[in-house]
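Colleague: My structure is stored as coords-v1.txt, with compact mmCIF, C-alpha atoms.
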# COMPACT_ATOMS: atom_id res chain seq x y z
CA MET G 1 -109.64 -79.69 8.73
CA THR G 2 -106.41 -80.73 7.02
CA ARG G 3 -106.99 -82.10 3.50
CA ARG G 4 -104.54 -84.79 2.40
CA LEU G 5 -104.73 -84.66 -1.39
CA PRO G 6 -102.53 -86.01 -4.20
CA PRO G 7 -100.69 -83.44 -6.36
CA LEU G 8 -103.09 -81.13 -8.24
CA ASN G 9 -101.38 -81.78 -11.59
CA ALA G 10 -101.98 -85.51 -11.20
CA LEU G 11 -105.66 -84.93 -10.39
CA ARG G 12 -106.02 -82.61 -13.41
CA ALA G 13 -104.39 -85.20 -15.66
CA PHE G 14 -106.80 -87.91 -14.49
CA GLU G 15 -109.89 -85.69 -14.75
CA ALA G 16 -109.08 -84.54 -18.30
CA SER G 17 -108.09 -88.05 -19.43
CA GLY G 18 -111.27 -89.51 -17.95
CA ARG G 19 -113.50 -86.99 -19.73
CA HIS G 20 -111.80 -87.52 -23.08
CA LEU G 21 -110.87 -91.20 -22.58
CA SER G 22 -107.64 -90.19 -24.27
CA PHE G 23 -104.24 -89.21 -22.94
CA ALA G 24 -103.53 -87.37 -26.20
CA LYS G 25 -106.66 -85.18 -25.99
CA ALA G 26 -106.05 -84.51 -22.30
CA ALA G 27 -102.50 -83.44 -23.14
CA GLU G 28 -103.81 -81.05 -25.81
CA GLU G 29 -106.28 -79.50 -23.35
CA LEU G 30 -103.70 -79.02 -20.62
CA GLY G 31 -100.88 -77.90 -22.92
CA VAL G 32 -98.47 -80.74 -22.14
CA THR G 33 -97.28 -83.93 -23.88
CA PRO G 34 -99.13 -87.31 -23.80
CA PRO G 35 -96.18 -88.98 -21.99
CA ALA G 36 -96.46 -86.27 -19.28
CA ILE G 37 -100.18 -87.06 -18.84
CA SER G 38 -99.44 -90.77 -18.68
CA HIS G 39 -96.76 -90.17 -16.05
CA GLN G 40 -99.09 -88.00 -13.92
CA VAL G 41 -101.88 -90.58 -14.08
CA ARG G 42 -99.45 -93.38 -13.17
CA GLN G 43 -98.22 -91.29 -10.21
CA LEU G 44 -101.83 -90.85 -9.01
CA GLU G 45 -102.50 -94.58 -9.32
CA ASP G 46 -99.40 -95.32 -7.27
CA ILE G 47 -100.49 -92.88 -4.56
CA LEU G 48 -104.05 -94.29 -4.42
CA GLY G 49 -102.93 -97.89 -4.77
CA VAL G 50 -105.54 -98.76 -7.43
CA PRO G 51 -105.55 -98.65 -11.25
CA LEU G 52 -107.76 -95.95 -12.73
CA PHE G 53 -107.44 -96.87 -16.41
CA ARG G 54 -107.17 -100.03 -18.45
CA ARG G 55 -104.55 -99.33 -21.07
CA MET G 56 -105.08 -100.85 -24.50
CA THR G 57 -103.13 -100.50 -27.75
CA ARG G 58 -104.88 -97.39 -29.12
CA GLN G 59 -107.21 -96.33 -26.32
CA VAL G 60 -107.81 -96.30 -22.59
CA ALA G 61 -110.86 -97.21 -20.55
CA LEU G 62 -111.82 -96.38 -17.00
CA THR G 63 -111.72 -99.05 -14.35
CA ASP G 64 -114.51 -99.31 -11.78
CA ALA G 65 -112.44 -97.16 -9.41
CA GLY G 66 -111.81 -94.65 -12.19
CA ARG G 67 -115.51 -94.39 -13.04
CA ALA G 68 -116.40 -93.92 -9.37
CA ALA G 69 -113.87 -91.11 -8.99
CA LEU G 70 -114.44 -89.26 -12.26
CA GLU G 71 -117.84 -87.64 -11.66
CA PRO G 72 -117.04 -86.09 -8.25
CA MET G 73 -113.63 -85.11 -9.60
CA CYS G 74 -115.26 -83.22 -12.48
CA GLU G 75 -117.66 -81.58 -10.05
CA GLY G 76 -114.74 -80.56 -7.86
CA PHE G 77 -112.90 -78.88 -10.72
CA ASP G 78 -116.14 -77.17 -11.78
CA ARG G 79 -116.49 -75.77 -8.25
CA LEU G 80 -112.87 -74.65 -8.30
CA ALA G 81 -113.46 -72.86 -11.62
CA GLU G 82 -116.53 -71.15 -10.14
CA ALA G 83 -114.48 -69.97 -7.16
CA VAL G 84 -111.85 -68.48 -9.46
CA ALA G 85 -114.59 -66.76 -11.47
CA LEU G 86 -116.03 -65.27 -8.27
CA VAL G 87 -112.65 -63.83 -7.38
CA ARG G 88 -112.29 -62.36 -10.86
CA ASP G 89 -115.80 -60.91 -10.76
CA ARG G 90 -115.13 -59.39 -7.36
CA ASP G 91 -111.95 -57.81 -8.69
CA ASP G 92 -113.84 -56.46 -11.70
CA THR G 93 -116.44 -54.74 -9.51
CA GLY G 94 -114.34 -54.06 -6.42
CA VAL G 95 -111.34 -51.75 -6.35
CA LEU G 96 -110.39 -49.63 -9.36
CA THR G 97 -106.96 -48.03 -9.09
CA LEU G 98 -106.52 -44.90 -11.20
CA SER G 99 -103.17 -43.22 -11.85
CA VAL G 100 -103.51 -39.51 -12.61
CA ALA G 101 -101.43 -36.33 -12.52
CA PRO G 102 -101.89 -34.37 -9.26
CA SER G 103 -103.22 -31.22 -10.95
CA PHE G 104 -105.87 -33.11 -12.93
CA ALA G 105 -106.85 -35.00 -9.79
CA ALA G 106 -107.21 -31.81 -7.74
CA LEU G 107 -108.98 -29.61 -10.29
CA TRP G 108 -111.07 -32.04 -12.37
CA LEU G 109 -111.37 -35.49 -10.88
CA VAL G 110 -111.82 -34.95 -7.14
CA PRO G 111 -114.81 -32.56 -7.56
CA ARG G 112 -116.53 -35.31 -9.60
CA VAL G 113 -115.58 -38.46 -7.66
CA GLU G 114 -118.89 -38.42 -5.78
CA GLN G 115 -120.77 -38.58 -9.07
CA PHE G 116 -118.84 -41.66 -10.17
CA SER G 117 -119.38 -43.35 -6.80
CA ALA G 118 -123.11 -42.63 -6.95
CA ALA G 119 -123.32 -44.12 -10.44
CA HIS G 120 -121.18 -47.15 -9.53
CA PRO G 121 -121.49 -47.94 -5.81
CA GLU G 122 -120.04 -51.40 -6.45
CA ILE G 123 -116.65 -49.89 -7.39
CA ASP G 124 -114.22 -48.43 -4.87
CA LEU G 125 -112.06 -45.87 -6.65
CA ARG G 126 -108.44 -45.56 -5.54
CA ILE G 127 -106.72 -42.42 -6.86
CA SER G 128 -102.95 -42.54 -7.17
CA ALA G 129 -101.98 -38.91 -7.86
CA ASN G 130 -98.40 -38.80 -9.09
CA LEU G 131 -96.31 -38.09 -12.18
CA THR G 132 -94.95 -41.62 -12.56
CA LEU G 133 -96.05 -43.45 -15.71
CA SER G 134 -97.80 -46.70 -14.81
CA ASN G 135 -96.66 -49.98 -16.33
CA PHE G 136 -99.97 -51.74 -15.47
CA THR G 137 -98.12 -54.95 -14.58
CA ASP G 138 -96.67 -54.76 -11.09
CA ASP G 139 -97.96 -51.40 -9.81
CA GLY G 140 -101.61 -52.43 -9.34
CA VAL G 141 -102.92 -49.67 -11.62
CA ASP G 142 -106.01 -50.48 -13.72
CA VAL G 143 -106.35 -47.29 -15.76
CA ALA G 144 -104.49 -43.98 -16.08
CA ILE G 145 -105.16 -40.44 -17.26
CA ARG G 146 -102.01 -39.05 -18.83
CA TYR G 147 -101.06 -35.63 -20.13
CA GLY G 148 -98.93 -35.63 -23.26
CA ARG G 149 -99.03 -36.20 -26.99
CA GLY G 150 -100.87 -39.53 -26.90
CA ASN G 151 -97.99 -41.74 -27.97
CA TYR G 152 -98.33 -44.76 -25.67
CA PRO G 153 -97.43 -47.91 -27.64
CA GLY G 154 -99.02 -51.21 -26.67
CA LEU G 155 -101.87 -49.60 -24.74
CA SER G 156 -105.45 -48.61 -25.47
CA VAL G 157 -105.48 -44.81 -25.79
CA VAL G 158 -108.55 -42.54 -25.90
CA GLN G 159 -108.15 -38.77 -26.21
CA LEU G 160 -110.15 -36.86 -23.61
CA SER G 161 -109.18 -33.31 -24.56
CA GLN G 162 -106.94 -31.27 -26.83
CA GLU G 163 -105.22 -28.67 -24.71
CA SER G 164 -105.46 -24.93 -25.30
CA ILE G 165 -104.04 -22.16 -23.13
CA ALA G 166 -105.04 -18.54 -22.52
CA PRO G 167 -104.29 -15.69 -20.09
CA MET G 168 -106.41 -15.98 -16.94
CA CYS G 169 -106.71 -13.90 -13.80
CA SER G 170 -108.93 -12.94 -10.92
CA PRO G 171 -111.80 -10.63 -11.93
CA ASP G 172 -110.33 -8.14 -9.46
CA LEU G 173 -107.52 -7.44 -11.93
CA LEU G 174 -110.03 -6.10 -14.45
CA GLU G 175 -110.31 -3.03 -12.23
CA GLY G 176 -107.96 -0.81 -10.30
CA LEU G 177 -105.03 1.37 -11.29
CA HIS G 178 -103.99 -0.80 -14.26
CA PRO G 179 -107.05 -2.74 -15.44
CA LEU G 180 -106.40 -5.58 -17.87
CA ASN G 181 -107.97 -4.39 -21.11
CA GLY G 182 -105.36 -5.66 -23.55
CA PRO G 183 -102.03 -7.49 -23.78
CA GLU G 184 -100.12 -4.23 -23.32
CA ASP G 185 -101.49 -4.01 -19.76
CA LEU G 186 -99.57 -7.17 -18.79
CA ALA G 187 -96.54 -4.92 -18.36
CA HIS G 188 -98.10 -3.72 -15.09
CA HIS G 189 -98.94 -7.18 -13.69
CA THR G 190 -97.08 -10.21 -12.37
CA LEU G 191 -96.81 -13.11 -14.79
CA LEU G 192 -97.44 -16.53 -13.25
CA HIS G 193 -95.66 -19.44 -14.93
CA ASP G 194 -97.00 -23.01 -15.11
CA ASP G 195 -93.86 -25.13 -15.62
CA SER G 196 -95.60 -28.49 -15.18
CA THR G 197 -95.27 -29.37 -18.87
CA VAL G 198 -91.53 -28.62 -19.08
CA PRO G 199 -90.54 -32.33 -18.74
CA LEU G 200 -92.69 -33.13 -21.80
CA GLY G 201 -90.70 -30.87 -24.11
CA PRO G 202 -91.31 -27.48 -25.76
CA SER G 203 -94.76 -26.05 -25.12
CA PRO G 204 -96.38 -22.61 -25.38
CA TYR G 205 -95.24 -20.24 -22.66
CA TRP G 206 -95.44 -16.55 -21.88
CA ARG G 207 -92.60 -15.48 -24.19
CA MET G 208 -94.26 -17.20 -27.14
CA TRP G 209 -97.73 -15.89 -26.28
CA LEU G 210 -96.51 -12.29 -25.94
CA ARG G 211 -94.66 -12.52 -29.24
CA LEU G 212 -97.82 -13.76 -31.00
CA ALA G 213 -99.79 -10.96 -29.32
CA GLY G 214 -97.34 -8.37 -30.65
CA ARG G 215 -95.96 -7.53 -27.21
CA ALA G 216 -92.45 -8.98 -27.34
CA ASP G 217 -91.30 -5.85 -25.50
CA ILE G 218 -92.81 -7.14 -22.23
CA ASP G 219 -90.34 -9.04 -20.03
CA ALA G 220 -91.62 -12.64 -19.99
CA SER G 221 -88.96 -13.95 -17.60
CA ARG G 222 -90.30 -12.26 -14.49
CA GLY G 223 -92.78 -13.75 -12.03
CA PRO G 224 -93.00 -16.89 -9.86
CA ARG G 225 -92.86 -20.36 -11.37
CA PHE G 226 -94.90 -23.40 -10.32
CA SER G 227 -94.18 -27.07 -10.95
CA PHE G 228 -97.87 -27.99 -10.60
CA ALA G 229 -100.59 -26.41 -12.73
CA ASP G 230 -103.14 -26.25 -9.91
CA HIS G 231 -100.73 -24.16 -7.81
CA ALA G 232 -100.33 -21.65 -10.63
CA LEU G 233 -104.10 -21.43 -11.11
CA GLN G 234 -104.68 -21.00 -7.38
CA ALA G 235 -102.23 -18.12 -7.30
CA ALA G 236 -104.20 -16.50 -10.11
CA VAL G 237 -107.50 -17.04 -8.27
CA GLN G 238 -106.03 -15.23 -5.29
CA GLY G 239 -105.16 -12.22 -7.47
CA GLN G 240 -101.40 -12.72 -7.35
CA GLY G 241 -100.98 -12.25 -11.11
CA VAL G 242 -101.93 -13.49 -14.57
CA VAL G 243 -101.39 -17.12 -15.51
CA LEU G 244 -101.19 -18.70 -18.95
CA GLY G 245 -103.61 -21.40 -17.90
CA ARG G 246 -104.87 -24.64 -19.38
CA LEU G 247 -108.54 -24.56 -20.31
CA SER G 248 -108.98 -28.25 -19.45
CA LEU G 249 -108.00 -27.60 -15.83
CA ALA G 250 -109.44 -24.12 -15.36
CA GLY G 251 -112.97 -24.92 -16.58
CA ASP G 252 -114.59 -25.03 -13.14
CA GLU G 253 -112.81 -21.86 -11.97
CA LEU G 254 -113.86 -20.01 -15.12
CA ALA G 255 -117.45 -21.25 -14.87
CA ALA G 256 -117.66 -20.13 -11.25
CA GLY G 257 -116.21 -16.70 -12.06
CA ARG G 258 -113.19 -17.13 -9.83
CA LEU G 259 -111.06 -16.76 -12.96
CA VAL G 260 -111.72 -14.76 -16.11
CA ARG G 261 -110.09 -14.59 -19.53
CA PRO G 262 -109.42 -10.86 -19.97
CA PHE G 263 -108.48 -10.98 -23.65
CA GLY G 264 -107.14 -12.98 -26.54
CA ASP G 265 -108.12 -16.23 -28.19
CA ALA G 266 -107.01 -19.52 -26.71
CA LEU G 267 -103.77 -20.87 -28.15
CA PRO G 268 -103.89 -24.60 -29.07
CA THR G 269 -101.02 -26.85 -28.04
CA GLU G 270 -99.75 -30.29 -29.04
CA PHE G 271 -100.76 -31.74 -25.69
CA GLY G 272 -103.92 -33.21 -24.27
CA TYR G 273 -105.32 -35.61 -21.70
CA TYR G 274 -105.61 -39.27 -22.60
CA LEU G 275 -107.32 -42.23 -20.98
CA VAL G 276 -104.86 -45.14 -21.05
CA HIS G 277 -105.23 -48.79 -20.05
CA PRO G 278 -104.06 -52.24 -21.19
CA ASP G 279 -105.60 -53.31 -24.49
CA THR G 280 -107.41 -56.36 -23.13
CA LYS G 281 -110.47 -57.98 -24.66
CA PRO G 282 -112.98 -58.17 -23.18
CA LEU G 283 -112.40 -55.01 -21.17
CA PRO G 284 -112.76 -55.58 -17.40
CA PRO G 285 -116.21 -54.27 -16.35
CA LYS G 286 -114.78 -51.84 -13.78
CA VAL G 287 -112.46 -50.30 -16.40
CA ALA G 288 -115.29 -50.15 -18.95
CA ALA G 289 -117.51 -48.41 -16.38
CA PHE G 290 -114.92 -45.75 -15.59
CA ARG G 291 -114.10 -45.24 -19.26
CA GLU G 292 -117.77 -44.70 -20.15
CA TRP G 293 -118.25 -42.34 -17.20
CA VAL G 294 -115.22 -40.14 -17.87
CA LEU G 295 -116.01 -39.88 -21.60
CA THR G 296 -119.59 -38.87 -20.76
CA GLU G 297 -118.39 -36.23 -18.27
CA ILE G 298 -115.87 -34.80 -20.74
CA GLY G 299 -118.59 -34.69 -23.42
CA LEU G 300 -120.98 -32.80 -21.15
CA ILE G 301 -118.32 -30.26 -20.25
CA MET G 302 -117.39 -29.69 -23.88
CA ALA G 303 -121.06 -29.24 -24.77
CA ASP G 304 -121.44 -26.64 -22.01
CA GLN G 305 -118.36 -24.77 -23.23
CA ASP G 306 -119.63 -24.80 -26.82
CA SER G 307 -123.07 -23.51 -25.76
CA GLY G 308 -121.46 -20.84 -23.58
Here is the file; what I need is its structure written in the form of structure tokens.
Modeller:
Amino acid sequence: MTRRLPPLNALRAFEASGRHLSFAKAAEELGVTPPAISHQVRQLEDILGVPLFRRMTRQVALTDAGRAALEPMCEGFDRLAEAVALVRDRDDTGVLTLSVAPSFAALWLVPRVEQFSAAHPEIDLRISANLTLSNFTDDGVDVAIRYGRGNYPGLSVVQLSQESIAPMCSPDLLEGLHPLNGPEDLAHHTLLHDDSTVPLGPSPYWRMWLRLAGRADIDASRGPRFSFADHALQAAVQGQGVVLGRLSLAGDELAAGRLVRPFGDALPTEFGYYLVHPDTKPLPPKVAAFREWVLTEIGLIMADQDSG
């Protein structure tokens, strides 16, 4: 059914003026000037063909027609506000779009998505795995997990992990003709290079690690290079060489024994993973739910690593 209604602004002006019995207070509520309210009300009266207010020197009063219209008009705007709230609530508990780097998605997030869905069946998680930084305004992203130094002005930032790196390889490389017993044995093995952090600036790499280990004589330039960290780790799992891997990404592979750390302490870096989202208050329930879940998961993993 087609609804023939006067302009919404005119209806809002009448409803607010009728509740307050004041054009000035209605103007303050709606963020316009009193003359604008008066004009909108006059326009509505012209459309309806009846006066809605009696205008006096310092106040206004409702006419019989105005009194008859005010209560259902207020109820109508209350219903409209409820409808808007329902849409907002549905958005808060419906789709959550997460922007995350592909390697973190593949190695950490995807194996745990089922746990989040079980804990929050009302939220449909959408994972956007790419290296583009979200602006949270026109890209539809609700929350992001970023790898860097944590400098993200204007956003709420929570550190999830401080990155450390260490040599990692398949347990098969601990045996054979040249078993990996110490850094000097790297001279007999292929070095795998994770170049995924290169765009972020200087970071620890094989040449630096070998120098700190006292083995600057080993050629650190040789070996294949990978632009994604998960590719480098997968090559190591398959026994193709030794990778200088990130502990935050390799945790599951190390726990399962598909990768081992043959020697050396982990080397801390300036980088880490950060949970990032707009600094809104109150926090949308779906964002708050994901934030609580991911912090809990990270805490459990760190506790397991500490106990191990």
Colleague: What does the distance from CA of Leu62 in chain G to CA of Leu21 in chain G come to in Å, to one decimal?
Modeller: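 CA of Leu21 in chain G lies 7.7 Å from CA of Leu62 in chain G.
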Colleague: Considering all atoms listed in the file, state which residue in the set G:Ala24, G:Ala266, G:Val287, G:Ala236 is at the smallest distance from Val141 in chain G.
Modeller: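 Comparing G:Ala24, G:Ala266, G:Val287, G:Ala236 against Val141 in chain G, the winner is G:Val287.
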Colleague: Can you list, as a list of chain:residue names, every protein, DNA or RNA residue that comes within 6 Å of range 160-172 of chain G when you count all atoms listed in the file, leaving out same-chain residues fewer than 6 positions away?
Modeller: G:Ala236, G:Val237, G:Gly239, G:Val242, G:Val243, G:Leu244, G:Gly245, G:Arg246, G:Leu247, G:Leu259, G:Val260, G:Arg261, G:Ala266, G:Leu267, G:Pro268, G:Thr269, G:Phe271, G:Gly272, G:Tyr273, G:Tyr274
Colleague: Create the file for the chosen residues now, containing C-alpha atoms and written as a compact mmCIF listing (two decimals), keeping the file's coordinate frame.
Modeller:
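As written to disk, out.txt reads:
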# COMPACT_ATOMS: atom_id res chain seq x y z
CA ALA G 236 -104.20 -16.50 -10.11
CA VAL G 237 -107.50 -17.04 -8.27
CA GLY G 239 -105.16 -12.22 -7.47
CA VAL G 242 -101.93 -13.49 -14.57
CA VAL G 243 -101.39 -17.12 -15.51
CA LEU G 244 -101.19 -18.70 -18.95
CA GLY G 245 -103.61 -21.40 -17.90
CA ARG G 246 -104.87 -24.64 -19.38
CA LEU G 247 -108.54 -24.56 -20.31
CA LEU G 259 -111.06 -16.76 -12.96
CA VAL G 260 -111.72 -14.76 -16.11
CA ARG G 261 -110.09 -14.59 -19.53
CA ALA G 266 -107.01 -19.52 -26.71
CA LEU G 267 -103.77 -20.87 -28.15
CA PRO G 268 -103.89 -24.60 -29.07
CA THR G 269 -101.02 -26.85 -28.04
CA PHE G 271 -100.76 -31.74 -25.69
CA GLY G 272 -103.92 -33.21 -24.27
CA TYR G 273 -105.32 -35.61 -21.70
CA TYR G 274 -105.61 -39.27 -22.60
Colleague: When you draw a straight line from CA of Ser221 in chain G to CA of Gly182 in chain G, how long is it in Å?
Modeller: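 Between CA of Ser221 in chain G and CA of Gly182 in chain G the gap is 19.3 Å.
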Colleague: Between CA of Arg67 in chain G and CA of Phe53 in chain G, what is the distance in Å, rounded to a tenth?
Modeller: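 Going from CA of Arg67 in chain G over to CA of Phe53 in chain G, I get 9.1 Å.
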Colleague: Taking all atoms listed in the file into account, name the residue in G:Arg149, G:Leu249, G:Asp230, G:Thr190 that is nearest to Glu270 in chain G.
Modeller: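 Of all the options, G:Arg149 lies closest to Glu270 in chain G.
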Colleague: With distances taken over only C-alpha atoms, which residue among G:Gln159, G:Gln40, G:Thr280, G:Ser99 lies nearest Glu15 in chain G?
Modeller: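 That would be G:Gln40, the residue with the smallest distance to Glu15 in chain G.
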Colleague: Between G:Ala36, G:Ala81, G:Ala69, G:Leu96, which residue has the minimum interatomic distance to Phe116 in chain G, considering only C-alpha atoms?
Modeller: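 Nearest candidate to Phe116 in chain G out of G:Ala36, G:Ala81, G:Ala69, G:Leu96: G:Leu96.
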Colleague: Please, which residues are within 8 Å of (-101.8, -43.1, -18.7) by the file's coordinates, counting all atoms listed in the file, and could they come as a ChimeraX atom specification?
Modeller: /G:99-100,133-134,143-147,152,274-277
Colleague: Of the candidates G:Leu186, G:Leu191, G:Ala65, G:Leu174, which one gets nearest to Pro262 in chain G if we count only C-alpha atoms?
Modeller: G:Leu174
Colleague: I need the residue nearest Ile47 in chain G from this list: G:Gly223, G:Asp142, G:Arg4, G:Gly264. Use only C-alpha atoms for the distance.
Modeller: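 Smallest distance to Ile47 in chain G is found for G:Arg4.
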Colleague: Show me, as lines of an AutoDock Vina configuration file, the centre and edge lengths in Å to one decimal of the axis-aligned box that covers every listed atom of range 287-301 of chain G with 4 Å on each side.
Modeller:
center_x = -116.7
center_y = -40.3
center_z = -19.5
size_x = 16.5
size_y = 28.0
size_z = 15.8
Colleague: So that I can see what lies close to range 120-132 of chain G, please list as a tab-separated table (two decimals) with C-alpha atoms, in the frame of the given file the residues with an atom at most 9 Å from it, counting only C-alpha atoms and leaving out residues fewer than 3 positions away in the same chain.
Modeller:
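Result file follows (part-v4.tsv):
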chain	number	residue	atom	x	y	z
G	92	ASP	CA	-113.84	-56.46	-11.70
G	93	THR	CA	-116.44	-54.74	-9.51
G	94	GLY	CA	-114.34	-54.06	-6.42
G	95	VAL	CA	-111.34	-51.75	-6.35
G	96	LEU	CA	-110.39	-49.63	-9.36
G	97	THR	CA	-106.96	-48.03	-9.09
G	98	LEU	CA	-106.52	-44.90	-11.20
G	99	SER	CA	-103.17	-43.22	-11.85
G	100	VAL	CA	-103.51	-39.51	-12.61
G	101	ALA	CA	-101.43	-36.33	-12.52
G	102	PRO	CA	-101.89	-34.37	-9.26
G	103	SER	CA	-103.22	-31.22	-10.95
G	104	PHE	CA	-105.87	-33.11	-12.93
G	105	ALA	CA	-106.85	-35.00	-9.79
G	106	ALA	CA	-107.21	-31.81	-7.74
G	113	VAL	CA	-115.58	-38.46	-7.66
G	115	GLN	CA	-120.77	-38.58	-9.07
G	116	PHE	CA	-118.84	-41.66	-10.17
G	117	SER	CA	-119.38	-43.35	-6.80
G	141	VAL	CA	-102.92	-49.67	-11.62
G	146	ARG	CA	-102.01	-39.05	-18.83
G	286	LYS	CA	-114.78	-51.84	-13.78
G	289	ALA	CA	-117.51	-48.41	-16.38
G	290	PHE	CA	-114.92	-45.75	-15.59
Colleague: Counting all atoms listed in the file, I want the residues whose atoms come within 12 Å of (-102.6, -96.9, -9.9) in the file frame, returned as a ChimeraX atom specification.
Modeller: /G:10,14,38-55,62-63,65-66
Colleague: Write out as a list of chain:residue names which residues come within 8 Å of Ala232 in chain G when counting only C-alpha atoms, dropping same-chain ones fewer than 6 positions away.
Modeller: G:Leu192, G:His193, G:Asp194, G:Arg225, G:Phe226, G:Val243, G:Gly245
